[in-house]
>>> print(open('model25.cif').read())   # mmCIF, C-alpha atoms
data_run
loop_
_atom_site.label_atom_id
_atom_site.label_comp_id
_atom_site.auth_asym_id
_atom_site.auth_seq_id
_atom_site.Cartn_x
_atom_site.Cartn_y
_atom_site.Cartn_z
CA MET A 1 0.00 0.00 0.00
CA SER A 2 1.51 3.31 -1.07
CA ARG A 3 1.21 5.82 1.73
CA VAL A 4 3.07 8.50 -0.21
CA GLY A 5 0.72 8.15 -3.18
CA LYS A 6 -2.38 8.70 -1.05
CA LYS A 7 -1.28 12.10 0.25
CA PRO A 8 -2.88 14.97 -1.68
CA ILE A 9 -0.66 17.71 -3.10
CA GLU A 10 -1.48 21.26 -2.03
CA ILE A 11 -1.63 23.55 -5.07
CA PRO A 12 -0.45 27.13 -4.37
CA LYS A 13 -2.60 29.95 -5.79
CA ASP A 14 0.01 31.05 -8.33
CA VAL A 15 0.50 27.53 -9.79
CA LYS A 16 -1.55 26.23 -12.73
CA ILE A 17 -1.84 22.53 -13.54
CA ASN A 18 -2.84 21.14 -16.92
CA ILE A 19 -3.48 17.37 -17.08
CA ALA A 20 -3.41 15.76 -20.53
CA GLU A 21 -3.66 12.04 -21.36
CA SER A 22 -0.10 11.04 -20.50
CA VAL A 23 1.49 14.32 -19.34
CA VAL A 24 0.92 16.74 -16.47
CA GLU A 25 2.16 20.29 -17.01
CA VAL A 26 2.87 22.44 -13.96
CA GLN A 27 3.33 26.19 -14.50
CA GLY A 28 4.23 28.75 -11.87
CA PRO A 29 6.09 32.01 -11.31
CA LYS A 30 9.55 30.39 -11.64
CA GLY A 31 8.88 28.39 -14.80
CA LYS A 32 7.17 25.38 -16.33
CA LEU A 33 7.78 21.64 -15.83
CA THR A 34 6.20 18.57 -17.41
CA THR A 35 6.00 15.06 -15.98
CA LYS A 36 4.90 11.92 -17.82
CA ILE A 37 1.99 9.99 -16.33
CA PRO A 38 2.59 6.22 -16.55
CA ALA A 39 -0.15 3.72 -17.32
CA GLY A 40 -2.26 2.60 -14.37
CA VAL A 41 -2.18 5.93 -12.51
CA THR A 42 -4.41 8.98 -12.97
CA LEU A 43 -4.31 12.52 -11.56
CA LYS A 44 -7.33 14.61 -10.55
CA VAL A 45 -7.77 18.10 -9.13
CA GLU A 46 -10.22 18.15 -6.20
CA ASP A 47 -10.83 21.14 -3.90
CA GLY A 48 -7.57 22.88 -4.79
CA LYS A 49 -5.56 19.70 -4.22
CA LEU A 50 -4.02 17.29 -6.69
CA VAL A 51 -4.77 13.62 -6.00
CA ALA A 52 -3.08 10.59 -7.58
CA GLU A 53 -5.17 7.42 -7.95
CA ARG A 54 -4.11 3.97 -9.14
CA GLN A 55 -6.13 1.25 -10.90
CA ASP A 56 -5.11 -1.64 -8.64
CA LYS A 57 -2.36 -2.89 -6.33
CA ASP A 58 -0.02 -3.72 -9.21
CA TYR A 59 0.72 0.01 -9.62
CA THR A 60 1.55 0.76 -5.97
CA ALA A 61 5.22 1.64 -6.52
CA ILE A 62 4.64 3.90 -9.52
CA HIS A 63 1.72 5.52 -7.70
CA GLY A 64 3.96 6.89 -4.95
CA THR A 65 6.74 7.76 -7.40
CA LEU A 66 4.43 9.80 -9.63
CA ARG A 67 2.96 11.63 -6.64
CA ALA A 68 6.49 12.54 -5.43
CA LEU A 69 7.58 13.71 -8.91
CA VAL A 70 4.51 15.93 -9.31
CA ALA A 71 4.93 17.32 -5.76
CA ASN A 72 8.55 18.19 -6.60
CA ALA A 73 7.39 19.92 -9.80
CA VAL A 74 4.81 21.98 -7.87
CA LYS A 75 7.37 23.00 -5.25
CA GLY A 76 9.99 23.72 -7.93
CA VAL A 77 7.86 26.12 -9.97
CA SER A 78 6.61 27.93 -6.87
CA GLN A 79 9.68 28.04 -4.56
CA GLY A 80 12.59 26.41 -6.39
CA PHE A 81 15.36 24.19 -5.02
CA THR A 82 18.92 24.91 -3.88
CA GLN A 83 21.94 22.73 -3.16
CA GLU A 84 25.14 23.97 -1.56
CA MET A 85 28.49 22.39 -2.39
CA ASP A 86 31.70 23.12 -0.45
CA VAL A 87 35.11 23.15 -2.15
CA VAL A 88 37.56 22.47 0.69
CA GLY A 89 41.34 22.22 0.47
CA VAL A 90 44.49 24.28 0.20
CA GLY A 91 44.63 25.71 -3.30
CA TYR A 92 41.21 24.33 -4.25
CA LYS A 93 39.21 27.06 -5.99
CA ALA A 94 36.04 27.63 -7.99
CA GLU A 95 35.39 30.57 -10.33
CA LEU A 96 32.16 31.35 -12.15
CA LYS A 97 32.58 32.40 -15.79
CA GLY A 98 29.31 32.72 -17.67
CA ARG A 99 27.55 29.34 -17.81
CA SER A 100 30.58 27.40 -16.56
CA ILE A 101 32.55 26.99 -13.35
CA ASN A 102 36.33 26.67 -13.49
CA PHE A 103 37.71 24.44 -10.73
CA ALA A 104 41.26 24.06 -9.46
CA LEU A 105 41.15 20.78 -7.52
CA GLY A 106 44.75 19.71 -7.15
CA TYR A 107 45.07 18.16 -10.59
CA SER A 108 47.71 19.29 -13.10
CA HIS A 109 45.00 21.05 -15.13
CA PRO A 110 41.96 23.20 -14.41
CA ILE A 111 38.53 21.63 -14.83
CA GLU A 112 35.74 23.44 -16.68
CA PHE A 113 32.30 22.37 -15.47
CA VAL A 114 29.50 23.55 -17.79
CA LEU A 115 26.15 24.13 -16.07
CA PRO A 116 23.10 22.65 -17.80
CA GLU A 117 20.17 24.85 -18.84
CA GLY A 118 17.86 25.43 -15.89
CA VAL A 119 20.61 25.43 -13.24
CA THR A 120 22.27 28.60 -11.98
CA ALA A 121 25.23 28.96 -9.64
CA LYS A 122 26.53 31.49 -7.14
CA ILE A 123 29.98 31.31 -5.53
CA GLU A 124 31.00 32.61 -2.09
CA LYS A 125 34.43 32.43 -0.49
CA LEU A 126 34.50 31.91 3.27
CA ALA A 127 37.51 31.85 5.58
CA ARG A 128 37.44 28.75 7.81
CA THR A 129 40.82 29.33 9.39
CA ILE A 130 43.60 31.83 8.90
CA THR A 131 45.39 29.71 6.29
CA GLN A 132 42.57 27.71 4.70
CA TYR A 133 39.65 29.08 2.71
CA GLN A 134 36.46 27.31 1.85
CA THR A 135 34.49 28.09 -1.29
CA THR A 136 30.75 27.49 -1.32
CA VAL A 137 28.98 26.93 -4.63
CA THR A 138 25.20 27.37 -4.38
CA LEU A 139 23.29 25.67 -7.18
CA SER A 140 19.65 26.59 -7.75
CA GLY A 141 16.92 25.58 -10.17
CA ILE A 142 13.32 24.45 -10.49
CA ASP A 143 13.92 20.83 -11.57
CA ARG A 144 14.97 18.79 -8.52
CA GLU A 145 16.21 15.83 -10.54
CA LEU A 146 18.42 17.98 -12.79
CA LEU A 147 19.75 19.92 -9.79
CA GLY A 148 20.62 16.71 -7.92
CA GLN A 149 22.36 15.21 -10.95
CA THR A 150 24.37 18.41 -11.47
CA ALA A 151 25.44 18.38 -7.81
CA ALA A 152 26.41 14.70 -8.09
CA ASN A 153 28.49 15.36 -11.22
CA MET A 154 30.24 18.24 -9.43
CA HIS A 155 30.87 16.00 -6.39
CA ASN A 156 32.46 13.37 -8.66
CA LEU A 157 35.08 15.84 -9.93
CA ARG A 158 37.02 15.34 -6.68
CA LYS A 159 35.38 13.27 -3.97
CA PRO A 160 36.30 14.23 -0.38
CA ASP A 161 39.51 12.72 0.96
CA ALA A 162 38.89 10.24 3.79
CA TYR A 163 41.64 11.70 6.00
CA LYS A 164 41.49 15.49 5.57
CA GLY A 165 38.13 15.97 3.87
CA LYS A 166 39.62 17.84 0.90
CA GLY A 167 37.49 17.91 -2.24
CA VAL A 168 34.03 18.87 -3.43
CA ARG A 169 31.40 17.87 -0.89
CA TYR A 170 27.78 18.49 -0.04
CA ALA A 171 27.42 21.26 2.56
CA ASP A 172 24.50 19.62 4.37
CA ARG A 173 26.04 16.13 4.67
CA PRO A 174 28.70 15.65 7.33
CA ILE A 175 31.62 13.39 6.47
CA LYS A 176 33.36 11.15 8.94
CA LEU A 177 37.12 11.47 8.73
CA LYS A 178 39.44 8.53 9.37
CA PRO A 179 42.19 8.89 11.94
CA GLY A 180 45.71 9.06 10.55
CA LYS A 181 48.66 6.80 11.48
CA THR A 182 48.91 8.32 14.92
CA GLY A 183 45.15 8.09 15.57
CA LYS A 184 43.68 5.46 17.86
#
>>> encode(input="model25.cif", output="C-alpha cells")
Amino acid sequence: MSRVGKKPIEIPKDVKINIAESVVEVQGPKGKLTTKIPAGVTLKVEDGKLVAERQDKDYTAIHGTLRALVANAVKGVSQGFTQEMDVVGVGYKAELKGRSINFALGYSHPIEFVLPEGVTAKIEKLARTITQYQTTVTLSGIDRELLGQTAANMHNLRKPDAYKGKGVRYADRPIKLKPGKTGK
C-alpha cells in the first residue's frame, strides 16, 4: 500500500496545472515543468488539491513515485530548489565564468564544469581558518532531478579525501574522517 501516493498535493494559488492524457504540465512564477503519467495511474484536481489514484495494487510503486515527482514539480515552480556544495582544500578554488565553473582541484590542469540549462550557480568564499579558505557553490533551479544530478556530477570531480576531507562535498552532509597513522 503506497502511503506516499495517497497524500494529496497542495496547489499554491500562483501555480496552474494542466493534465493531458499522458502528461501533467505544472506552470508557476519560476517556470514550467512537465511530468509523464505512466499507465495505471491517474491525476485529478479536487478542492484545490491534486490527488493521484491507481487502478489496482499492481501500480503501488509507480503511484507513490508519480505523486512525489509531481509534488517536486509543484514545489519547484513555486519556490525552487537549492543545493550547496563546499570546495575544501588548500589551493582548491572555484570561479564562475558565464555558464561554466572553473575548478582548481589539485590536478595538473583546471577543470571546466558547464552548467546545464535550468541550473544557476553562485559562488562565495569563506575563511574557515587563517590559512585555509572554503568556497561554497550554491546551485539553484526548479527541476529537482536535474539539480541533484548536477550536484552529483560536481561531487564526482574530486570526492572528499577520507583523512582530511579535501574535495568537493555536499554542505548539508557531514563526512566522517578517518584517523591518521597516529590516531587510535
>>> atom_distance(input="model25.cif", atom1="CA of Met154 in chain A", atom2="CA of Glu95 in chain A")
13.4 Å
>>> residues_near_point(input="model25.cif", point="(34.1, 24.1, 0.5)", cutoff="12 Å", atoms="only C-alpha atoms", output="ChimeraX atom specification")
/A:84-94,103,105,123-128,132-138,155,158-160,165-172
>>> closest_residue(input="model25.cif", among="A:Pro179, A:Gly106, A:Gly98, A:Gly76", to="Lys122 in chain A", atoms="all atoms listed in the file")
A:Gly98
>>> residues_around(input="model25.cif", residues="Gly28 in chain A", least_positions_apart="2", cutoff="8 Å", atoms="only C-alpha atoms", output="list in words")
Asp14, Val15, Lys16, Val26, Lys30, Gly31, Lys32, Val74, Val77 and Ser78 of chain A
>>> atom_distance(input="model25.cif", atom1="CA of Ala68 in chain A", atom2="CA of Glu21 in chain A")
18.9 Å
>>> closest_residue(input="model25.cif", among="A:Lys178, A:Val114, A:Asn18, A:Val70", to="Thr35 in chain A", atoms="all atoms listed in the file")
A:Val70
>>> atom_distance(input="model25.cif", atom1="CA of Ala71 in chain A", atom2="CA of Ala52 in chain A")
10.6 Å
>>> resolve_selection(input="model25.cif", expression="the PyMOL selection byres ((chain A and resi 113) around 6)", output="MDAnalysis selection string")
chainID A and resid 100:101 112 114
>>> closest_residue(input="model25.cif", among="A:Leu96, A:Leu147, A:Ile62, A:Ala73", to="Thr34 in chain A", atoms="all atoms listed in the file")
A:Ala73
>>> closest_residue(input="model25.cif", among="A:Lys44, A:Lys49, A:Arg144, A:Arg99", to="Leu69 in chain A", atoms="all atoms listed in the file")
A:Arg144
>>> closest_residue(input="model25.cif", among="A:Asn153, A:Thr65, A:Asn72, A:Thr42", to="Gly5 in chain A", atoms="all atoms listed in the file")
A:Thr65
>>> residues_around(input="model25.cif", residues="Ile17 in chain A", least_positions_apart="6", cutoff="8 Å", atoms="all atoms listed in the file", output="list in words")
Val24, Glu25, Val26 and Gln27 of chain A
>>> write_last_selection(input="model25.cif", atoms="C-alpha atoms", output="mmCIF file, in the frame of the given file")
data_model
loop_
_atom_site.group_PDB
_atom_site.id
_atom_site.type_symbol
_atom_site.label_atom_id
_atom_site.label_comp_id
_atom_site.auth_asym_id
_atom_site.auth_seq_id
_atom_site.Cartn_x
_atom_site.Cartn_y
_atom_site.Cartn_z
ATOM 1 C CA VAL A 24 0.920 16.740 -16.470
ATOM 2 C CA GLU A 25 2.160 20.290 -17.010
ATOM 3 C CA VAL A 26 2.870 22.440 -13.960
ATOM 4 C CA GLN A 27 3.330 26.190 -14.500
#
>>> closest_residue(input="model25.cif", among="A:Leu139, A:Ile37, A:Val51, A:Val23", to="Ile11 in chain A", atoms="only C-alpha atoms")
A:Val51
>>> resolve_selection(input="model25.cif", expression="the PyMOL selection byres ((chain A and resi 54) around 12)", output="PyMOL selection string")
chain A and resi 1-2+5-6+37-44+51-53+55-67
